[in-house]
file target.cif (mmCIF, C-alpha atoms)
data_upload
#
loop_
_atom_site.label_atom_id
_atom_site.label_comp_id
_atom_site.auth_asym_id
_atom_site.auth_seq_id
_atom_site.Cartn_x
_atom_site.Cartn_y
_atom_site.Cartn_z
CA MET Z 1 26.65 -1.11 -29.59
CA PRO Z 2 27.42 -4.65 -30.84
CA ASP Z 3 24.80 -6.27 -33.04
CA SER Z 4 22.87 -9.16 -31.56
CA ASP Z 5 23.42 -12.62 -33.02
CA PRO Z 6 21.00 -13.63 -35.77
CA ILE Z 7 17.79 -14.94 -34.20
CA GLU Z 8 18.24 -18.46 -35.53
CA GLN Z 9 21.64 -18.68 -33.79
CA ARG Z 10 20.40 -17.70 -30.34
CA GLY Z 11 19.22 -21.16 -29.31
CA TYR Z 12 15.55 -20.34 -28.79
CA ALA Z 13 13.01 -23.14 -28.42
CA ASP Z 14 11.00 -21.60 -31.26
CA THR Z 15 12.83 -19.35 -33.71
CA ASP Z 16 9.63 -18.71 -35.61
CA VAL Z 17 8.08 -16.35 -33.04
CA LEU Z 18 10.66 -13.61 -33.31
CA VAL Z 19 11.70 -11.79 -36.48
CA SER Z 20 14.37 -9.24 -37.22
CA THR Z 21 13.93 -5.77 -38.65
CA ASP Z 22 15.55 -7.12 -41.85
CA TRP Z 23 12.87 -9.83 -42.07
CA VAL Z 24 10.15 -7.20 -41.73
CA ALA Z 25 11.80 -4.82 -44.20
CA ALA Z 26 11.79 -7.60 -46.82
CA ARG Z 27 8.04 -8.19 -46.38
CA LEU Z 28 6.51 -4.72 -46.29
CA ASP Z 29 4.45 -5.54 -49.37
CA ASP Z 30 3.66 -9.15 -48.50
CA PRO Z 31 -0.15 -9.52 -48.29
CA ALA Z 32 0.23 -12.59 -46.06
CA VAL Z 33 1.92 -10.45 -43.39
CA ARG Z 34 0.19 -7.73 -41.39
CA LEU Z 35 2.33 -5.42 -39.29
CA VAL Z 36 0.63 -4.31 -36.07
CA GLU Z 37 2.01 -1.48 -33.94
CA SER Z 38 0.96 -1.40 -30.28
CA ASN Z 39 2.19 1.34 -27.99
CA GLU Z 40 1.75 2.70 -24.55
CA ASP Z 41 1.84 6.28 -25.82
CA PRO Z 42 -1.23 7.07 -27.95
CA LEU Z 43 0.67 9.77 -29.87
CA VAL Z 44 3.41 7.50 -31.16
CA TYR Z 45 1.66 5.60 -33.98
CA PRO Z 46 -0.04 8.71 -35.42
CA SER Z 47 3.29 10.57 -35.37
CA ASN Z 48 4.74 7.93 -37.73
CA HIS Z 49 5.03 4.17 -38.11
CA ILE Z 50 6.39 1.47 -40.40
CA PRO Z 51 4.75 1.71 -43.85
CA GLY Z 52 1.71 -0.54 -44.02
CA ALA Z 53 1.45 -1.05 -40.26
CA VAL Z 54 -1.95 -0.82 -38.60
CA GLU Z 55 -2.47 0.15 -34.97
CA VAL Z 56 -3.95 -1.96 -32.22
CA ASP Z 57 -4.59 0.19 -29.19
CA TRP Z 58 -4.62 -1.78 -25.97
CA THR Z 59 -7.42 0.23 -24.35
CA ARG Z 60 -9.72 0.97 -27.26
CA ASP Z 61 -9.22 -2.24 -29.23
CA LEU Z 62 -8.35 -5.01 -26.79
CA ASN Z 63 -10.10 -4.11 -23.55
CA ASP Z 64 -13.78 -4.41 -22.77
CA PRO Z 65 -15.02 -0.84 -22.32
CA LEU Z 66 -17.05 -1.67 -19.22
CA ARG Z 67 -15.65 -4.49 -17.14
CA ARG Z 68 -11.98 -5.26 -16.49
CA ASP Z 69 -11.49 -7.92 -19.12
CA TYR Z 70 -10.54 -8.32 -22.75
CA ILE Z 71 -12.89 -8.13 -25.68
CA GLY Z 72 -15.01 -11.14 -26.54
CA PRO Z 73 -14.70 -13.43 -29.58
CA GLN Z 74 -17.14 -11.42 -31.72
CA GLN Z 75 -15.33 -8.15 -31.08
CA PHE Z 76 -12.02 -9.86 -31.80
CA ALA Z 77 -13.32 -11.16 -35.13
CA ALA Z 78 -14.64 -7.68 -35.96
CA LEU Z 79 -11.26 -6.15 -35.09
CA MET Z 80 -9.46 -8.65 -37.31
CA GLU Z 81 -11.83 -7.91 -40.19
CA ARG Z 82 -11.31 -4.17 -39.80
CA LEU Z 83 -7.54 -4.69 -39.88
CA GLY Z 84 -7.70 -6.97 -42.91
CA ILE Z 85 -6.44 -9.99 -40.98
CA THR Z 86 -7.59 -13.55 -41.65
CA PRO Z 87 -6.73 -16.67 -39.59
CA GLU Z 88 -4.01 -17.35 -42.19
CA THR Z 89 -2.40 -13.92 -41.87
CA THR Z 90 0.96 -13.75 -40.11
CA VAL Z 91 0.70 -10.88 -37.64
CA VAL Z 92 3.96 -9.19 -36.67
CA PHE Z 93 3.75 -7.04 -33.55
CA TYR Z 94 6.10 -4.22 -32.66
CA GLY Z 95 5.91 -1.08 -30.58
CA ASP Z 96 7.39 1.39 -28.14
CA LYS Z 97 8.75 0.67 -24.67
CA ASN Z 98 10.82 -2.35 -25.68
CA ASN Z 99 7.76 -4.07 -27.13
CA TRP Z 100 5.87 -4.18 -23.80
CA TRP Z 101 2.56 -3.39 -25.44
CA ALA Z 102 3.38 -5.38 -28.54
CA ALA Z 103 4.00 -8.42 -26.32
CA TYR Z 104 0.75 -7.64 -24.51
CA ALA Z 105 -1.19 -7.56 -27.79
CA TYR Z 106 0.58 -10.76 -28.90
CA TRP Z 107 -0.51 -12.40 -25.64
CA VAL Z 108 -4.14 -11.23 -26.00
CA PHE Z 109 -4.19 -12.66 -29.53
CA GLN Z 110 -3.26 -16.04 -27.98
CA LEU Z 111 -6.52 -16.01 -26.00
CA PHE Z 112 -8.26 -16.27 -29.36
CA GLY Z 113 -5.88 -18.84 -30.80
CA HIS Z 114 -4.28 -16.56 -33.40
CA ASP Z 115 -0.93 -18.30 -33.26
CA ARG Z 116 0.40 -17.03 -36.57
CA ALA Z 117 2.01 -14.25 -34.60
CA LYS Z 118 5.51 -12.88 -34.20
CA LEU Z 119 7.32 -10.08 -32.42
CA MET Z 120 9.79 -7.81 -34.20
CA ASP Z 121 13.03 -7.99 -32.21
CA GLY Z 122 14.07 -4.62 -30.81
CA GLY Z 123 10.71 -2.98 -31.49
CA ARG Z 124 10.14 0.43 -32.94
CA LEU Z 125 13.24 1.99 -31.49
CA LYS Z 126 15.55 -0.42 -33.34
CA TRP Z 127 13.72 0.12 -36.64
CA GLU Z 128 14.06 3.89 -36.22
CA ALA Z 129 17.68 3.68 -35.07
CA GLU Z 130 18.51 1.80 -38.27
CA GLY Z 131 17.12 4.67 -40.31
CA ARG Z 132 14.44 2.56 -41.93
CA PRO Z 133 11.38 4.14 -43.57
CA MET Z 134 8.55 5.58 -41.52
CA THR Z 135 5.32 7.19 -42.64
CA ARG Z 136 2.30 9.02 -41.28
CA GLU Z 137 0.04 7.43 -43.86
CA VAL Z 138 -2.54 5.23 -42.17
CA PRO Z 139 -3.34 2.18 -44.31
CA ARG Z 140 -6.94 1.28 -45.07
CA PRO Z 141 -6.85 -2.51 -45.50
CA ALA Z 142 -9.65 -4.16 -47.43
CA PRO Z 143 -11.93 -5.75 -44.82
CA SER Z 144 -11.30 -9.47 -44.39
CA THR Z 145 -13.42 -12.37 -43.24
CA TYR Z 146 -12.49 -13.77 -39.84
CA PRO Z 147 -14.64 -16.52 -38.33
CA VAL Z 148 -15.62 -15.84 -34.71
CA PRO Z 149 -13.01 -17.77 -32.73
CA GLN Z 150 -13.27 -19.59 -29.41
CA ARG Z 151 -11.66 -17.70 -26.58
CA ASP Z 152 -9.68 -19.91 -24.24
CA ASP Z 153 -7.90 -18.16 -21.36
CA SER Z 154 -6.84 -21.29 -19.51
CA ALA Z 155 -3.47 -21.94 -21.12
CA VAL Z 156 -1.94 -18.48 -20.86
CA ARG Z 157 -3.90 -16.48 -18.29
CA ALA Z 158 -4.12 -16.77 -14.51
CA PHE Z 159 -6.89 -15.31 -12.36
CA ARG Z 160 -6.57 -14.19 -8.76
CA ALA Z 161 -8.12 -17.33 -7.23
CA GLU Z 162 -5.73 -19.48 -9.23
CA VAL Z 163 -2.81 -17.37 -8.07
CA GLN Z 164 -3.94 -17.80 -4.46
CA GLU Z 165 -3.85 -21.57 -4.97
CA HIS Z 166 -0.49 -21.20 -6.67
CA VAL Z 167 0.87 -19.39 -3.60
CA LYS Z 168 -0.50 -22.04 -1.24
CA ALA Z 169 1.11 -24.77 -3.34
CA ARG Z 170 4.42 -22.82 -3.30
CA ARG Z 171 4.71 -22.92 -7.07
CA PRO Z 172 6.96 -20.37 -8.80
CA LEU Z 173 5.81 -16.82 -9.31
CA VAL Z 174 7.86 -14.20 -11.14
CA ASP Z 175 7.43 -10.51 -10.31
CA VAL Z 176 8.84 -8.57 -13.27
CA ARG Z 177 8.42 -5.05 -11.84
CA SER Z 178 11.33 -2.93 -10.63
CA PRO Z 179 13.04 -3.98 -7.39
CA GLU Z 180 11.57 -0.87 -5.72
CA GLU Z 181 8.05 -1.88 -6.67
CA TYR Z 182 8.76 -5.46 -5.55
CA ARG Z 183 9.86 -4.23 -2.13
CA GLY Z 184 6.91 -1.84 -1.90
CA GLU Z 185 9.30 1.09 -1.71
CA ARG Z 186 8.33 3.22 -4.69
CA LEU Z 187 8.07 6.78 -3.53
CA HIS Z 188 4.80 8.51 -4.03
CA MET Z 189 3.75 12.10 -3.66
CA PRO Z 190 0.60 13.53 -2.10
CA GLU Z 191 -2.37 13.48 -4.51
CA TYR Z 192 -0.77 10.65 -6.50
CA PRO Z 193 -2.00 7.12 -6.82
CA ASN Z 194 0.55 4.78 -5.25
CA GLU Z 195 1.04 2.50 -8.24
CA GLY Z 196 -2.74 2.21 -8.36
CA ALA Z 197 -2.76 0.00 -5.28
CA LEU Z 198 -3.48 0.43 -1.59
CA ARG Z 199 -0.69 -1.89 -0.50
CA GLY Z 200 2.90 -2.13 -1.68
CA GLY Z 201 5.01 -5.25 -1.81
CA HIS Z 202 4.78 -8.51 -3.72
CA ILE Z 203 2.90 -11.78 -3.81
CA PRO Z 204 4.43 -14.11 -1.20
CA GLY Z 205 7.12 -16.33 -2.63
CA ALA Z 206 7.50 -14.40 -5.88
CA ARG Z 207 11.00 -14.04 -7.31
CA SER Z 208 12.02 -10.58 -8.43
CA ILE Z 209 13.23 -10.81 -12.02
CA PRO Z 210 12.70 -7.41 -13.68
CA TRP Z 211 11.54 -7.77 -17.28
CA ALA Z 212 14.50 -5.75 -18.60
CA ARG Z 213 16.95 -8.47 -17.66
CA ALA Z 214 15.76 -10.39 -20.73
CA VAL Z 215 16.86 -7.73 -23.22
CA ASN Z 216 20.05 -6.19 -24.51
CA GLU Z 217 20.70 -2.47 -24.51
CA ASP Z 218 19.16 -2.15 -27.97
CA GLY Z 219 15.96 -3.89 -26.86
CA THR Z 220 16.67 -7.17 -28.67
CA PHE Z 221 16.23 -10.37 -26.68
CA LYS Z 222 19.25 -12.03 -25.10
CA PRO Z 223 20.25 -15.48 -26.39
CA ALA Z 224 18.72 -18.56 -24.79
CA ASP Z 225 21.75 -19.55 -22.72
CA GLU Z 226 21.81 -16.12 -21.04
CA LEU Z 227 18.07 -16.27 -20.45
CA ARG Z 228 18.35 -19.75 -18.92
CA GLN Z 229 21.07 -18.43 -16.64
CA ILE Z 230 18.78 -15.64 -15.40
CA TYR Z 231 15.57 -17.62 -14.92
CA ALA Z 232 16.68 -21.17 -14.17
CA ALA Z 233 20.21 -20.99 -12.76
CA GLU Z 234 19.86 -17.80 -10.71
CA ASN Z 235 16.20 -18.01 -9.77
CA ASP Z 236 15.23 -21.69 -9.91
CA VAL Z 237 12.42 -21.12 -12.39
CA GLU Z 238 12.78 -24.36 -14.29
CA PRO Z 239 11.30 -25.51 -17.61
CA ASP Z 240 9.05 -28.13 -16.01
CA ASP Z 241 7.59 -25.65 -13.51
CA ASP Z 242 4.07 -24.30 -13.54
CA VAL Z 243 4.93 -20.58 -13.64
CA VAL Z 244 2.84 -17.44 -13.10
CA VAL Z 245 4.24 -14.05 -14.08
CA TYR Z 246 2.85 -10.66 -13.08
CA CYS Z 247 3.65 -6.94 -12.96
CA ARG Z 248 1.34 -3.96 -12.39
CA ILE Z 249 -1.33 -4.45 -15.04
CA GLY Z 250 0.03 -7.35 -17.08
CA GLU Z 251 1.90 -5.66 -19.91
CA ARG Z 252 5.50 -6.00 -18.72
CA SER Z 253 4.73 -9.55 -17.61
CA SER Z 254 3.47 -10.33 -21.13
CA HIS Z 255 7.04 -9.58 -22.23
CA THR Z 256 8.41 -12.10 -19.70
CA TRP Z 257 5.62 -14.57 -20.58
CA PHE Z 258 6.89 -14.38 -24.17
CA VAL Z 259 10.46 -15.04 -23.05
CA LEU Z 260 9.61 -18.05 -20.90
CA SER Z 261 6.92 -19.70 -23.00
CA LYS Z 262 8.09 -18.88 -26.53
CA LEU Z 263 11.82 -18.25 -26.49
CA LEU Z 264 12.67 -20.81 -23.78
CA GLY Z 265 9.77 -23.14 -24.50
CA TYR Z 266 8.48 -23.57 -20.94
CA PRO Z 267 5.20 -25.47 -21.48
CA LYS Z 268 3.16 -23.97 -18.62
CA VAL Z 269 3.49 -20.23 -18.14
CA ARG Z 270 0.51 -18.03 -17.38
CA ASN Z 271 0.28 -14.27 -17.13
CA TYR Z 272 -1.64 -12.91 -14.14
CA ASP Z 273 -2.89 -9.76 -15.83
CA GLY Z 274 -4.82 -8.64 -12.75
CA SER Z 275 -1.31 -8.19 -11.40
CA TRP Z 276 -0.49 -5.75 -8.64
CA THR Z 277 -3.40 -3.41 -9.33
CA GLU Z 278 -5.68 -6.29 -8.37
CA TRP Z 279 -3.60 -8.07 -5.73
CA GLY Z 280 -2.50 -4.89 -3.96
CA ASN Z 281 -6.12 -3.73 -3.68
CA SER Z 282 -7.64 -7.07 -2.69
CA VAL Z 283 -8.95 -7.55 0.82
CA GLY Z 284 -7.36 -10.32 2.83
CA VAL Z 285 -4.75 -11.60 0.37
CA PRO Z 286 -1.25 -12.12 1.74
CA VAL Z 287 1.42 -9.54 0.89
CA GLU Z 288 5.14 -9.83 1.43
CA ARG Z 289 7.75 -7.06 1.63
CA MET G 1 -6.50 30.56 -4.21
CA GLY G 2 -6.34 31.63 -7.86
CA GLY G 3 -8.25 30.40 -10.89
CA VAL G 4 -6.87 28.36 -13.78
CA PRO G 5 -4.06 30.36 -15.41
CA ARG G 6 -5.37 32.29 -18.42
CA ARG G 7 -3.17 30.66 -21.06
CA LEU G 8 -3.90 27.17 -19.74
CA ALA G 9 -7.64 27.88 -19.79
CA GLY G 10 -7.26 29.05 -23.39
CA PHE G 11 -5.42 25.88 -24.37
CA LEU G 12 -8.06 23.67 -22.75
CA GLU G 13 -10.77 25.59 -24.61
CA LEU G 14 -8.90 25.02 -27.84
CA LEU G 15 -8.72 21.29 -27.14
CA GLU G 16 -12.39 21.16 -26.25
CA ALA G 17 -13.16 22.63 -29.65
CA VAL G 18 -11.50 19.59 -31.26
CA PRO G 19 -13.81 16.68 -30.38
CA ASP G 20 -12.49 14.29 -33.03
CA ARG G 21 -9.89 11.99 -31.46
CA ALA G 22 -7.63 11.84 -34.52
CA ASP G 23 -7.64 15.64 -34.88
CA ARG G 24 -6.89 16.07 -31.20
CA ILE G 25 -3.99 13.61 -31.41
CA GLN G 26 -2.63 15.50 -34.41
CA LEU G 27 -2.88 18.75 -32.48
CA LEU G 28 -0.94 17.23 -29.58
CA ILE G 29 1.73 15.85 -31.94
CA ASP G 30 2.11 19.34 -33.39
CA VAL G 31 2.47 20.67 -29.85
CA ALA G 32 5.17 18.06 -29.10
CA ASP G 33 7.07 19.17 -32.21
CA ARG G 34 7.60 22.56 -30.53
CA PHE G 35 9.56 20.93 -27.69
CA ARG G 36 12.86 22.60 -26.82
CA GLU G 37 15.08 20.93 -24.29
CA VAL G 38 16.31 22.75 -21.19
CA PRO G 39 19.06 25.16 -22.35
CA PRO G 40 22.65 24.28 -21.38
CA GLU G 41 23.04 27.42 -19.26
CA ILE G 42 20.41 25.95 -16.92
CA ALA G 43 21.33 22.27 -16.98
CA GLU G 44 23.53 19.81 -18.83
CA ARG G 45 23.78 16.03 -18.76
CA PRO G 46 24.02 14.18 -16.52
CA PHE G 47 20.90 15.83 -15.14
CA PRO G 48 20.61 15.80 -11.35
CA GLU G 49 18.35 13.15 -9.89
CA SER G 50 16.60 15.85 -7.87
CA ARG G 51 15.12 17.14 -11.14
CA ARG G 52 13.86 13.73 -12.28
CA VAL G 53 10.07 13.28 -12.46
CA PRO G 54 8.93 10.43 -10.21
CA HIS G 55 7.05 7.62 -11.95
CA CYS G 56 7.87 8.94 -15.42
CA GLU G 57 9.05 6.12 -17.66
CA SER G 58 9.96 8.64 -20.35
CA GLU G 59 12.71 9.90 -18.04
CA ALA G 60 11.50 13.47 -17.84
CA PHE G 61 13.26 16.18 -15.83
CA VAL G 62 11.85 19.54 -14.69
CA TRP G 63 13.50 22.83 -13.75
CA ALA G 64 11.81 25.92 -12.30
CA VAL G 65 13.82 29.12 -12.76
CA PRO G 66 12.71 32.38 -11.10
CA ARG G 67 12.00 35.43 -13.25
CA PRO G 68 12.74 38.94 -11.98
CA ASP G 69 9.03 39.45 -11.34
CA GLY G 70 9.02 36.49 -8.96
CA THR G 71 7.17 34.06 -11.25
CA LEU G 72 8.76 30.92 -12.63
CA ASP G 73 9.98 29.70 -15.98
CA PHE G 74 9.64 25.97 -16.48
CA HIS G 75 12.14 23.93 -18.48
CA PHE G 76 12.13 20.24 -19.32
CA ALA G 77 14.17 17.36 -20.67
CA VAL G 78 12.70 14.09 -21.95
CA GLU G 79 15.26 11.36 -22.45
CA ASN G 80 12.97 8.77 -24.04
CA PRO G 81 13.12 9.45 -27.81
CA GLN G 82 9.60 7.97 -28.10
CA GLY G 83 8.21 10.08 -25.26
CA ILE G 84 5.98 12.17 -27.50
CA SER G 85 3.25 12.63 -24.90
CA ALA G 86 5.85 13.72 -22.36
CA ARG G 87 7.21 16.29 -24.83
CA ALA G 88 3.70 17.56 -25.55
CA MET G 89 3.03 17.84 -21.82
CA ALA G 90 6.28 19.76 -21.34
CA VAL G 91 5.40 22.24 -24.09
CA ILE G 92 1.90 22.77 -22.67
CA LEU G 93 3.23 23.36 -19.16
CA ASP G 94 5.91 25.76 -20.38
CA GLU G 95 3.72 27.71 -22.79
CA THR G 96 0.78 28.05 -20.39
CA LEU G 97 2.39 28.24 -16.94
CA SER G 98 5.81 29.89 -17.34
CA GLY G 99 5.42 33.43 -16.02
CA ALA G 100 1.89 32.83 -14.74
CA PRO G 101 0.93 34.01 -11.24
CA LEU G 102 2.29 31.47 -8.77
CA GLU G 103 -0.90 31.29 -6.74
CA GLU G 104 -2.69 30.19 -9.91
CA VAL G 105 -0.01 27.70 -10.96
CA ALA G 106 -0.08 26.23 -7.44
CA TRP G 107 -3.68 25.09 -7.85
CA VAL G 108 -3.64 23.68 -11.35
CA PRO G 109 -5.38 20.29 -11.09
CA GLY G 110 -2.87 17.48 -10.70
CA ASP G 111 -4.88 15.29 -13.07
CA LEU G 112 -4.48 17.79 -15.93
CA PRO G 113 -3.00 15.05 -18.21
CA LEU G 114 -6.29 13.17 -18.14
CA GLU G 115 -8.11 16.32 -19.28
CA ILE G 116 -5.64 16.77 -22.13
CA PHE G 117 -5.01 13.19 -23.23
CA GLY G 118 -8.29 11.58 -22.21
CA ASN G 119 -8.83 8.48 -20.15
CA GLU G 120 -7.10 6.14 -22.58
CA LEU G 121 -3.68 6.62 -21.03
CA SER G 122 -2.14 3.64 -19.30
CA MET G 123 -1.65 3.92 -15.58
CA GLY G 124 2.10 4.20 -16.01
CA LYS G 125 1.80 6.90 -18.64
CA SER G 126 -0.75 8.95 -16.70
CA MET G 127 1.34 8.74 -13.53
CA GLY G 128 4.41 9.91 -15.41
CA LEU G 129 2.59 12.89 -16.93
CA MET G 130 0.96 13.71 -13.59
CA GLY G 131 4.44 13.54 -12.11
CA MET G 132 5.54 16.31 -14.49
CA VAL G 133 2.57 18.44 -13.45
CA GLY G 134 3.27 17.63 -9.81
CA MET G 135 6.86 18.88 -10.03
CA VAL G 136 5.66 22.16 -11.59
CA LEU G 137 2.97 22.58 -8.94
CA ALA G 138 5.37 21.76 -6.13
CA ALA G 139 7.84 24.40 -7.35
CA ALA G 140 5.09 27.02 -7.59
CA ARG G 141 3.72 26.15 -4.16
CA SER G 142 7.12 26.24 -2.59
CA ARG G 143 7.92 29.64 -4.07
CA ALA G 144 4.49 31.05 -3.31
CA GLY G 145 4.71 29.69 0.22
CA VAL G 146 1.49 27.75 0.04
CA ALA G 147 1.01 24.30 1.49
CA ALA G 148 -0.18 21.39 -0.61
CA ARG G 149 -3.87 20.76 -0.30
CA THR G 150 -4.60 17.57 1.56
CA GLY G 151 -7.65 15.39 2.11
#
call {"tool": "encode", "arguments": {"input": "target.cif", "output": "C-alpha cells"}}
result
Amino acid sequence: MPDSDPIEQRGYADTDVLVSTDWVAARLDDPAVRLVESNEDPLVYPSNHIPGAVEVDWTRDLNDPLRRDYIGPQQFAALMERLGITPETTVVFYGDKNNWWAAYAYWVFQLFGHDRAKLMDGGRLKWEAEGRPMTREVPRPAPSTYPVPQRDDSAVRAFRAEVQEHVKARRPLVDVRSPEEYRGERLHMPEYPNEGALRGGHIPGARSIPWARAVNEDGTFKPADELRQIYAAENDVEPDDDVVVYCRIGERSSHTWFVLSKLLGYPKVRNYDGSWTEWGNSVGVPVER
Amino acid sequence: MGGVPRRLAGFLELLEAVPDRADRIQLLIDVADRFREVPPEIAERPFPESRRVPHCESEAFVWAVPRPDGTLDFHFAVENPQGISARAMAVILDETLSGAPLEEVAWVPGDLPLEIFGNELSMGKSMGLMGMVGMVLAAARSRAGVAARTG
C-alpha cells in the first residue's frame, strides 16, 4: 500500500487539524498534548491503546444519560478535569472504525469551543499496522482546572426543524450512509430493528456520498484536490453552500463534517446528529427513495 | 420450546457475578482472546456471501456444521482486526451453543448481546452482534424444523 503524502502537502484548508502517527509518536510525553481514544467497540481501548491515551466513551462520557442530547457545559468541564485537560491542552483524537467515533468526539468538543483539537490520520489501525507501542496501562492524569464553557450548537449542529427548512429551501444535504441505506434497501431479518427506523430512504434532495469516499485504503484522508473532485465536481456541494450532513446517528457524518469544514474549509457545514434514526421515525416528514 | 442452553445459562451467571464494568470488560477481552477462526477444512477465503452476517460492520461470517448426533457446531470468522466484541461474541456462541440441543438454541433471545455487553453498545454494533446471534438461531431453527417466532 503506497504511503499517503505528508499532510502539509495535501492542500488542505487547515493543515493544523490533522496530525500523522509520526507527529503523535514524537509527543507521547508532551504535557501540552492529551491523546484521546474514542471507539465504537467498548472492548477496544481496554484491550490496549497508545501509551498515555485516555478514553472518551461516546455513550457514557458525551451523551446525556436521560434525554437524547449531549452533556451540558458543567459535565463537559468535569470530564475535562477528570482527563487532565485544560483549555490550553491540544487534544488529539483517534480511534477504531476509521476514526468515526474520534471525529464524533472531535465534533462534540466543538460544541463547547475546545478548538485546540486534532485528529490522528489513519486512526488506531494505522498506528497498530506500523508496529508502534501499545499498552494496557490506563493513565491517571492529575485533575486539571477547566472553566465551565459556553455551549453553542448553532455553528456545527443542525436540528430536525432546521433540516426541514433546509429541504424546503433546496439547500445541499449530504447523506453519508451506504448506497443501500440511502435507497432504503438494507435487508433486515425478523426480530431485528430496521436500522432503528420505521421508514427507509433518505431526506429529499440529499446527495449520496458515502463517508468512505474521503479516505484511502489505509484510512488516511485523501488529498484536497481529490476531495474537491468528489464533493464539488461530482456532487455540486460547493464551498459557499450551506451544507447539512447526516447518517444514522451522526457519527459517520461527523467524519464528513470534518472533511468539508476542516480539510476543505467550507465555512457553513452542520451535522444533523438526529440523522436517520430521528428522520426515519418522524411523523409526517418527507422521505425519498 | 426449550430453556436457555445450560452452558449459556452458566456463562450469563458468571457475568452477573461480575458487576464491576471494568472487570466485566476484562473478562470479555479474555474471552475474545480464545477466538479461533473457522478451520480451513470448513471454509477458506474468499468466504461466501451467504455466510456473511447482515449488519455486522466487523465483517463476521458464521458456519453451522452438523454433528453426528444431529446438533450443530458453530464456526466464525471476523475480518475486522479491531472487532474484539465480535470475536468475544463468536467465542461465547461457540462455547455455549455448539452441540447444545437445537430446540434450546432455536429460542435463545436475539438480544443476547445486550445482556452480555450492556446497553452502551452503539446501534450499529448491537445490530452486528445480534446479526451473529440471528444467524446461529436461524441455522438451529432450520435444522430443528421450527418456525421463527413472530409478533
call {"tool": "residues_around", "arguments": {"input": "target.cif", "residues": "region 172-186 of chain Z", "least_positions_apart": "6", "cutoff": "10 Å", "atoms": "only C-alpha atoms", "output": "PyMOL selection string"}}
result
(chain Z and resi 163+166+194-195+199-213+231+235-238+241-248+250+252-257+269-272+275-276+287-289) or (chain G and resi 54-55)
call {"tool": "resolve_selection", "arguments": {"input": "target.cif", "expression": "the PyMOL selection byres ((chain G) within 8 of (chain Z))", "output": "list in words"}}
result
Ile25, Gln26, Leu28, Ile29, Pro54, Gln82, Gly83, Ile84, Ser85, Gly110, Glu120, Leu121, Ser122, Met123, Lys125, Met127, Met130 and Thr150 of chain G
call {"tool": "resolve_selection", "arguments": {"input": "target.cif", "expression": "the PyMOL selection byres ((chain G and resi 133) around 10)", "output": "JSON list (two decimals) with C-alpha atoms, in the coordinates of the input"}}
result
[["chain", "number", "residue", "atom", "x", "y", "z"],
["G", 53, "VAL", "CA", 10.07, 13.28, -12.46],
["G", 62, "VAL", "CA", 11.85, 19.54, -14.69],
["G", 89, "MET", "CA", 3.03, 17.84, -21.82],
["G", 90, "ALA", "CA", 6.28, 19.76, -21.34],
["G", 93, "LEU", "CA", 3.23, 23.36, -19.16],
["G", 105, "VAL", "CA", -0.01, 27.70, -10.96],
["G", 108, "VAL", "CA", -3.64, 23.68, -11.35],
["G", 109, "PRO", "CA", -5.38, 20.29, -11.09],
["G", 110, "GLY", "CA", -2.87, 17.48, -10.70],
["G", 111, "ASP", "CA", -4.88, 15.29, -13.07],
["G", 112, "LEU", "CA", -4.48, 17.79, -15.93],
["G", 113, "PRO", "CA", -3.00, 15.05, -18.21],
["G", 127, "MET", "CA", 1.34, 8.74, -13.53],
["G", 128, "GLY", "CA", 4.41, 9.91, -15.41],
["G", 129, "LEU", "CA", 2.59, 12.89, -16.93],
["G", 130, "MET", "CA", 0.96, 13.71, -13.59],
["G", 131, "GLY", "CA", 4.44, 13.54, -12.11],
["G", 132, "MET", "CA", 5.54, 16.31, -14.49],
["G", 134, "GLY", "CA", 3.27, 17.63, -9.81],
["G", 135, "MET", "CA", 6.86, 18.88, -10.03],
["G", 136, "VAL", "CA", 5.66, 22.16, -11.59],
["G", 137, "LEU", "CA", 2.97, 22.58, -8.94],
["G", 138, "ALA", "CA", 5.37, 21.76, -6.13]]
call {"tool": "closest_residue", "arguments": {"input": "target.cif", "among": "Z:Lys126, Z:Lys268, Z:Arg151, Z:Lys222", "to": "Arg171 (chain Z)", "atoms": "only C-alpha atoms"}}
result
Z:Lys268
call {"tool": "atom_distance", "arguments": {"input": "target.cif", "atom1": "CA of His49 (chain Z)", "atom2": "CA of Asn98 (chain Z)"}}
result
15.2 Å
call {"tool": "atom_distance", "arguments": {"input": "target.cif", "atom1": "CA of Ser20 (chain Z)", "atom2": "CA of Arg87 (chain G)"}}
result
29.3 Å
call {"tool": "closest_residue", "arguments": {"input": "target.cif", "among": "Z:Glu226, Z:Glu251, Z:Glu81, Z:Glu130", "to": "Val148 (chain Z)", "atoms": "only C-alpha atoms"}}
result
Z:Glu81
call {"tool": "decode", "arguments": {"input": "target.cif", "residues": "region 63-70 of chain Z", "atoms": "N, CA and C atoms", "output": "JSON list (two decimals), in the first residue's frame"}}
result
[["chain", "number", "residue", "atom", "x", "y", "z"],
["Z", 63, "ASN", "N", -22.80, 11.63, 26.03],
["Z", 63, "ASN", "CA", -24.25, 11.72, 25.90],
["Z", 63, "ASN", "C", -24.92, 11.92, 27.24],
["Z", 64, "ASP", "N", -25.98, 12.73, 27.24],
["Z", 64, "ASP", "CA", -26.82, 12.87, 28.41],
["Z", 64, "ASP", "C", -27.46, 11.51, 28.70],
["Z", 65, "PRO", "N", -27.43, 11.07, 29.96],
["Z", 65, "PRO", "CA", -27.94, 9.73, 30.23],
["Z", 65, "PRO", "C", -29.46, 9.61, 30.08],
["Z", 66, "LEU", "N", -30.17, 10.72, 30.10],
["Z", 66, "LEU", "CA", -31.63, 10.64, 30.07],
["Z", 66, "LEU", "C", -32.19, 11.05, 28.70],
["Z", 67, "ARG", "N", -31.99, 12.28, 28.31],
["Z", 67, "ARG", "CA", -32.60, 12.70, 27.06],
["Z", 67, "ARG", "C", -31.60, 12.56, 25.91],
["Z", 68, "ARG", "N", -32.12, 12.55, 24.67],
["Z", 68, "ARG", "CA", -31.21, 12.39, 23.53],
["Z", 68, "ARG", "C", -30.54, 13.73, 23.24],
["Z", 69, "ASP", "N", -29.42, 13.92, 23.85],
["Z", 69, "ASP", "CA", -28.65, 15.15, 23.68],
["Z", 69, "ASP", "C", -27.26, 14.90, 24.26],
["Z", 70, "TYR", "N", -26.40, 15.88, 24.08],
["Z", 70, "TYR", "CA", -25.05, 15.75, 24.63],
["Z", 70, "TYR", "C", -25.03, 16.30, 26.05]]
